[in-house]
Amino acid sequence: MHKIIQFEQVSFRYPDEEKWILEDLSLTVLRGERVVINGPSGCGKTTLLYLCNRLYPDNCDGVLNGSIKIFGKDSSSFIPGEINHRISTVFQDPDSQFCMQTVEEELAFTLENLHVRREEMEKRISEVLTLTDLSEFRHSVIQKLSGGQKQRIATACALIMQPEVLLLDEPLSHLDPYTAKKYVEWLDELQQKRSMTIVAIEHRLDLWGDFFDRSISLKENKEPPPFDKRKSSKQDDVSLVVNKVSAKSFLQETTFSLNRGEIAVLAGPNGSGKSTLLKALCQLIPSSGSVEPKLLGYVPQSPEFLFLTKSVQDEVGFGGGINVDEMMTRLQLFPIADAHPFAVSHGQKRRVAIAAMLSDGREVILMDEPTSGQDAAALAELFQLIDERACEGTTFLIVTHDMEFAYCLADSVLLMRDGCLTGKFEAGAMWSDEQLLLDHHLLPPKEVMHREACFA
Amino acid sequence: MLKSWKLKEIVLMSLFSVVFGIVYLLFVHVGNIWSGFIGPIAYEWIFGIWFIVSIICMYIIRKPGAAVVSETIAAAIEVLLGNAVGPRLILSGLVQGLGAEAVFAATRYKRFDLWVLMLAGVGSSVFSFVYGYFLGGFSVYSTGYVALMLGIRIASGAMIAGVGGKAVADGLLATGSLRGYAISRSKKGEARA
Amino acid sequence: MKHALHKMNPSVKFLAITVCMFTMAFFFDPWTPFVFWIAVLVLQVFLSQINWKKWLLFMLPFFVTAFGYFWTTLVFAEEQSGPVVWSIWNMHITEVQLNHALSLSFRVLAFSSLSLLFAFTTNPVTFILSLMQQLKLSPKIAYGVMVGYQFLPVLKDEFVQIQQAHRLRGAAQEKNALQRLLGIRRILIPMLAGAVRKAERAAFAMEARGFTGERRSSYFQVISIGKVDVVLVVLFLIVLVLSCTNGLWLS
């Protein structure tokens, strides 16, 4: 068997940091293998990947010890760009891995980088589009496509180089589970059609099924505290009444209500109007109908969009709330009170955002896709944050595709499709209604599937 | 010159230009028509906003050429976004960038304090004014009027581009997102020294 | 015929327009820029297919600017010699002044028409490709600009989202221009922070696809210079010469 990638006692650190990101790492990848490298965020997975495709150490002037051999040659002996002709990469963020407008131009850009002769380009473009079943998108504008489609285009761009190795950098993390599952099936077929070595880094293995032959753990995977199904904190009095809310051209009339301390999940396919509904409820976009109370809290997918000041303390107090200190204590923000709200971790940003909302007296909090791109530890932190607030009487409406998360958290589920609310379902029986879930592009949570399997 | 540039630095300049392009599109054009009545002096006080990209980029990246390349890219992006002033913007971008670049070059790319940034804004103002003097035919105006225009433009360059540019870049630095760029390294160095 | 200007090589068009503008800058009589402006419009009418309604909308601010130039030149003129042709209140406007004022106003109109001619007949992507293929622009810069351009919808969307989020926080919309300028900073910081992140990712993605910034040996989309360019350049030059020599044939 050929050794394709060989790390021997590799250590790496950034120039301005003392701590080593990778220390004494040794690993080998053989030709034709499907290997996954896993570990929690910040364990150096991405660094490892960037060392394989030579983005590092040059791009960050990092310090590298030990030996990296790629295709049996020392990796530093390759000239810039050379390695990338044989090892291609699909990155994590579907929005920012393209440089041209249309799919065809993007593929051509890749071929031009390889100095492919012009006469050959047309043939190779059609070939790869047929192979990946993407011919219909040839002239599409990339940024108008959905996240899942963009990841397929990115994969096609990687494959057109006819690489020996395909590197995947958490390619599913911004996709919803349904789309992710479809992507894995699609990739599986491709790998069988064209035998390549696949090396992926990933923190969520469950979506991949049995795709990989072998997994390498970078750090002792400290199992994050798993969250169990929480006990409902739903109270009897109503805290949010939505009556016939609709927004121009897309969002149909929507009516529902939530109780104090209730956690509701809003789910449905991409583009079904979930975000639009949240924005309509907060009056961020023009809408008709009535919402009671008027003042709702809203946490966008990037919580930093909300921030206006230079310190966490100012941020929480920005709305002029009186119980700022109490909020800071309750959400454990005092240790970072003077930090810049942009410079804290993603989980802390969300904490700050929620604290700011609550101290403004916004008792109902709407969250847009807080689970997207989060690893297990971050999900546990999020779970705890929401759980504690709900027990204190805050009401939540959370948009998410992650049904495991929803299963453990939600009192009720609102399903949406084509700009229309299908209905509000009590959590419970609905989890085993596979048809209903499938209609909304959702995968039933594993625990339910487990139970079903036992009964069958 | 471009050899020593990392691709991510060039893409950074390009994306900054797009961000400012959007800001120009959505804010500066408000009231455009009314100020037109006032004649060529109408925009002088806000002129510095056109130089801000080059000053921010130089302040962050600190490599020879950062001012002139970023300002030219910014102008090119403006043209792509459909700015009606059209292709001559690219030339004015080049000229403005050269003005700021000249100041940074005079310090041998070693000083990036507030005074140098303000001077760079002045440099852009002067260069762009000479260019505008020629293309706009300012020679027909009385000396006093021309001096007034130049004075306002210099003040605008120093204040909006110099002071404003530094404020924006420092604000950005405080968010911690500029790790890996020269500006972060220098701050660390200063702290250690 | 109707597509000629659209088919013209963007770099050649860019150079032709630049030469025209710099030549115009030497003239201070009203007729040269006026004749030139009319000639540009004629070219546009016969050699391009543009939406004239849109054209008018874009041109409107320039008419206003031209008017602004007109009266400032009258009031703040350097040269005030020559016979008085026009008196309002106690202002006496001389022939020289009036000529200069008209000249600068027509210059504004001529330049704007040229710019719109370029903007309305040129595809941005083709323009950048052409700068790289004909004018030897460095691919690093060319594709750097291209990345920025394709990010436009993403960043625009982000701008709106941040604005909405800020509105929710109760950051009021400032009315006066100076406050608004200061208020932009709040939106700028998150936008720029996002841009830094995206820039690095996009640059890495390009490098991972083998982009090194070196010259390319072949292009998928070849932008060439053809007969149409020669003819159009000659046309532009004829227009330029005709308007510069208007003294000979107009009188």
# chains A, B, ... in the order shown; residues from 1 in each chain; ligands from 1
$ residues_around --residues "His2 of chain A" --least-positions-apart "3" --cutoff "9 Å" --atoms "only C-alpha atoms" --output "PyMOL selection string"
chain A and resi 29-32+71-72
$ interface_residues --of "chain C" --to "chain B" --cutoff "8 Å" --atoms "only C-alpha atoms" --output "MDAnalysis selection string"
chainID C and resid 14 18 21:22 25 28 58 61:62 64:73 76:79 100 104 108 112 115:116 118:119 124 140:141 144:145 147:149 151:152 155:156 184:185 188:189 191:193 195:197 199:200 202:204 213
$ atom_distance --atom1 "atom CA of Gln348 of chain A" --atom2 "atom CA of Gly297 of chain A"
16.9 Å
$ select_by_dssp --residues "segment 30-167 of chain C" --states "strand (DSSP E or B)" --output "number ranges by chain"
C: 77, 84-88, 91-94
$ closest_atom_pairs --of "chain C" --to "chain A" --cutoff "6 Å" --atoms "only C-alpha atoms" --output "CSV"
residue,atom,partner,partner_atom,distance
C:Val147,CA,A:Cys99,CA,4.3
C:Gln150,CA,A:Gln101,CA,5.5
C:Ile162,CA,A:Phe305,CA,5.0
C:Gln164,CA,A:Leu284,CA,5.9
C:Ala165,CA,A:Leu306,CA,5.2
C:His166,CA,A:Leu306,CA,5.7
C:Lys198,CA,A:Ser96,CA,5.9
C:Ala202,CA,A:Gln97,CA,4.8
C:Ala205,CA,A:Gln97,CA,5.1
C:Ala208,CA,A:Asn84,CA,5.5
C:Arg209,CA,A:Asn84,CA,5.9
C:Gly210,CA,A:Gly81,CA,4.6
C:Phe211,CA,A:Asn113,CA,5.2
C:Thr212,CA,A:Gly81,CA,5.9
C:Ser217,CA,A:His115,CA,5.8
C:Ser218,CA,A:Arg118,CA,5.9
C:Phe220,CA,A:Arg118,CA,5.8
$ write_last_selection --atoms "all heavy atoms" --output "compact mmCIF listing (two decimals), in the first residue's frame"
# COMPACT_ATOMS: atom_id res chain seq x y z
N VAL C 147 -13.16 38.35 -6.64
CA VAL C 147 -13.72 37.78 -5.41
C VAL C 147 -14.61 38.81 -4.74
O VAL C 147 -15.74 38.51 -4.34
CB VAL C 147 -12.60 37.40 -4.41
CG1 VAL C 147 -13.22 36.84 -3.15
CG2 VAL C 147 -11.66 36.41 -5.00
N GLN C 150 -17.96 39.14 -6.52
CA GLN C 150 -18.96 38.09 -6.33
C GLN C 150 -19.47 38.05 -4.89
O GLN C 150 -20.52 37.49 -4.62
CB GLN C 150 -18.48 36.73 -6.84
CG GLN C 150 -17.29 36.14 -6.12
CD GLN C 150 -17.71 35.30 -4.93
OE1 GLN C 150 -18.71 34.62 -4.98
NE2 GLN C 150 -16.93 35.38 -3.86
N ILE C 162 -27.42 43.57 9.72
CA ILE C 162 -26.84 44.31 10.83
C ILE C 162 -27.69 45.54 11.13
O ILE C 162 -27.99 45.86 12.28
CB ILE C 162 -25.39 44.72 10.52
CG1 ILE C 162 -24.52 43.46 10.43
CG2 ILE C 162 -24.84 45.65 11.58
CD1 ILE C 162 -23.13 43.71 9.96
N GLN C 164 -30.85 45.87 10.63
CA GLN C 164 -32.07 45.42 11.31
C GLN C 164 -31.78 45.11 12.77
O GLN C 164 -32.53 45.52 13.66
CB GLN C 164 -32.63 44.18 10.61
CG GLN C 164 -33.26 44.47 9.29
CD GLN C 164 -33.69 43.21 8.56
OE1 GLN C 164 -33.23 42.12 8.88
NE2 GLN C 164 -34.56 43.35 7.60
N ALA C 165 -30.68 44.40 13.01
CA ALA C 165 -30.34 44.03 14.38
C ALA C 165 -30.13 45.28 15.23
O ALA C 165 -30.57 45.35 16.38
CB ALA C 165 -29.10 43.14 14.40
N HIS C 166 -29.47 46.28 14.65
CA HIS C 166 -29.24 47.51 15.40
C HIS C 166 -30.53 48.25 15.69
O HIS C 166 -30.70 48.85 16.73
CB HIS C 166 -28.26 48.41 14.65
CG HIS C 166 -26.85 47.93 14.74
ND1 HIS C 166 -25.79 48.61 14.24
CD2 HIS C 166 -26.33 46.80 15.27
CE1 HIS C 166 -24.67 47.94 14.46
NE2 HIS C 166 -24.99 46.83 15.07
N LYS C 198 -13.90 36.38 5.90
CA LYS C 198 -14.24 35.87 4.57
C LYS C 198 -13.05 35.97 3.64
O LYS C 198 -12.83 35.09 2.81
CB LYS C 198 -15.39 36.67 3.99
CG LYS C 198 -16.70 36.41 4.69
CD LYS C 198 -17.83 37.04 3.90
CE LYS C 198 -19.15 36.86 4.61
NZ LYS C 198 -19.24 37.63 5.85
N ALA C 202 -11.67 32.86 1.55
CA ALA C 202 -11.71 32.88 0.09
C ALA C 202 -10.31 32.73 -0.48
O ALA C 202 -10.10 31.99 -1.45
CB ALA C 202 -12.36 34.16 -0.41
N ALA C 205 -9.24 29.19 -0.19
CA ALA C 205 -9.93 28.33 -1.15
C ALA C 205 -9.30 28.47 -2.53
O ALA C 205 -9.13 27.48 -3.25
CB ALA C 205 -11.41 28.68 -1.21
N ALA C 208 -5.98 26.68 -2.51
CA ALA C 208 -6.17 25.24 -2.48
C ALA C 208 -6.55 24.71 -3.86
O ALA C 208 -6.42 23.53 -4.14
CB ALA C 208 -7.24 24.86 -1.48
N ARG C 209 -7.01 25.60 -4.74
CA ARG C 209 -7.31 25.16 -6.10
C ARG C 209 -6.15 25.46 -7.05
O ARG C 209 -6.32 25.53 -8.25
CB ARG C 209 -8.54 25.89 -6.60
CG ARG C 209 -9.72 25.52 -5.77
CD ARG C 209 -10.84 24.95 -6.57
NE ARG C 209 -12.07 25.31 -5.90
CZ ARG C 209 -12.72 26.42 -6.18
NH1 ARG C 209 -12.32 27.20 -7.15
NH2 ARG C 209 -13.78 26.70 -5.51
N GLY C 210 -4.99 25.68 -6.45
CA GLY C 210 -3.79 25.82 -7.28
C GLY C 210 -3.53 27.21 -7.81
O GLY C 210 -2.70 27.39 -8.69
N PHE C 211 -4.21 28.21 -7.28
CA PHE C 211 -3.96 29.58 -7.75
C PHE C 211 -2.71 30.11 -7.06
O PHE C 211 -2.63 30.12 -5.84
CB PHE C 211 -5.15 30.47 -7.43
CG PHE C 211 -5.00 31.89 -7.88
CD1 PHE C 211 -5.14 32.22 -9.22
CD2 PHE C 211 -4.72 32.90 -6.98
CE1 PHE C 211 -5.00 33.53 -9.66
CE2 PHE C 211 -4.58 34.22 -7.40
CZ PHE C 211 -4.72 34.53 -8.74
N THR C 212 -1.72 30.53 -7.84
CA THR C 212 -0.49 31.03 -7.24
C THR C 212 -0.25 32.49 -7.56
O THR C 212 0.66 33.10 -7.05
CB THR C 212 0.73 30.25 -7.77
OG1 THR C 212 0.67 30.29 -9.19
CG2 THR C 212 0.70 28.82 -7.29
N SER C 217 -1.37 30.40 -18.65
CA SER C 217 -0.89 30.08 -20.00
C SER C 217 -2.05 30.05 -21.00
O SER C 217 -1.84 30.23 -22.19
CB SER C 217 -0.15 28.76 -19.98
OG SER C 217 -0.86 27.82 -19.22
N SER C 218 -3.27 29.80 -20.51
CA SER C 218 -4.40 29.88 -21.43
C SER C 218 -5.65 30.30 -20.68
O SER C 218 -5.75 30.08 -19.47
CB SER C 218 -4.62 28.53 -22.11
OG SER C 218 -4.80 27.54 -21.12
N PHE C 220 -9.96 30.35 -20.49
CA PHE C 220 -11.19 29.72 -20.97
C PHE C 220 -11.97 30.73 -21.80
O PHE C 220 -12.43 30.46 -22.89
CB PHE C 220 -12.02 29.25 -19.78
CG PHE C 220 -13.32 28.63 -20.15
CD1 PHE C 220 -13.36 27.42 -20.84
CD2 PHE C 220 -14.52 29.25 -19.82
CE1 PHE C 220 -14.57 26.84 -21.18
CE2 PHE C 220 -15.73 28.67 -20.16
CZ PHE C 220 -15.75 27.47 -20.84
$ interface_residues --of "chain A" --to "chain B" --cutoff "7 Å" --atoms "only C-alpha atoms" --output "PDB file with N, CA, C and O atoms, in the first residue's frame"
ATOM      1  N   CYS A  60       0.716  31.662   7.401  1.00  0.00           N
ATOM      2  CA  CYS A  60       0.627  32.288   8.715  1.00  0.00           C
ATOM      3  C   CYS A  60       2.003  32.421   9.341  1.00  0.00           C
ATOM      4  O   CYS A  60       2.127  32.744  10.503  1.00  0.00           O
ATOM      5  N   HIS A 340     -14.117  42.998  24.922  1.00  0.00           N
ATOM      6  CA  HIS A 340     -14.849  43.493  23.749  1.00  0.00           C
ATOM      7  C   HIS A 340     -15.830  42.401  23.321  1.00  0.00           C
ATOM      8  O   HIS A 340     -15.448  41.239  23.196  1.00  0.00           O
ATOM      9  N   PHE A 342     -16.945  41.507  20.624  1.00  0.00           N
ATOM     10  CA  PHE A 342     -16.579  40.755  19.431  1.00  0.00           C
ATOM     11  C   PHE A 342     -15.466  39.751  19.708  1.00  0.00           C
ATOM     12  O   PHE A 342     -15.246  38.833  18.931  1.00  0.00           O
ATOM     13  N   ALA A 343     -14.717  39.974  20.792  1.00  0.00           N
ATOM     14  CA  ALA A 343     -13.511  39.177  21.002  1.00  0.00           C
ATOM     15  C   ALA A 343     -13.756  37.952  21.871  1.00  0.00           C
ATOM     16  O   ALA A 343     -12.852  37.160  22.085  1.00  0.00           O
TER      17      ALA A 343
END
$ residues_around --residues "Ile93 of chain C" --least-positions-apart "2" --cutoff "12 Å" --atoms "only C-alpha atoms" --output "PyMOL selection string"
chain C and resi 71+73-77+79-91+95-101
$ closest_residue --among "B:Leu94, B:Ile52, B:Ala106, B:Ala67" --to "Phe127 of chain B" --atoms "only C-alpha atoms"
B:Leu94
$ closest_residue --among "C:Ile187, C:Val125, C:Leu5, C:Met206" --to "Gln44 of chain C" --atoms "only C-alpha atoms"
C:Leu5
$ select_by_dssp --residues "segment 24-91 of chain C" --states "helix (DSSP H, G or I)" --output "count of residues only"
42
$ atom_distance --atom1 "atom CA of Ala161 of chain B" --atom2 "atom CA of Ile61 of chain B"
16.4 Å
$ atom_distance --atom1 "atom CA of Gly194 of chain C" --atom2 "atom CA of Arg111 of chain B"
27.3 Å
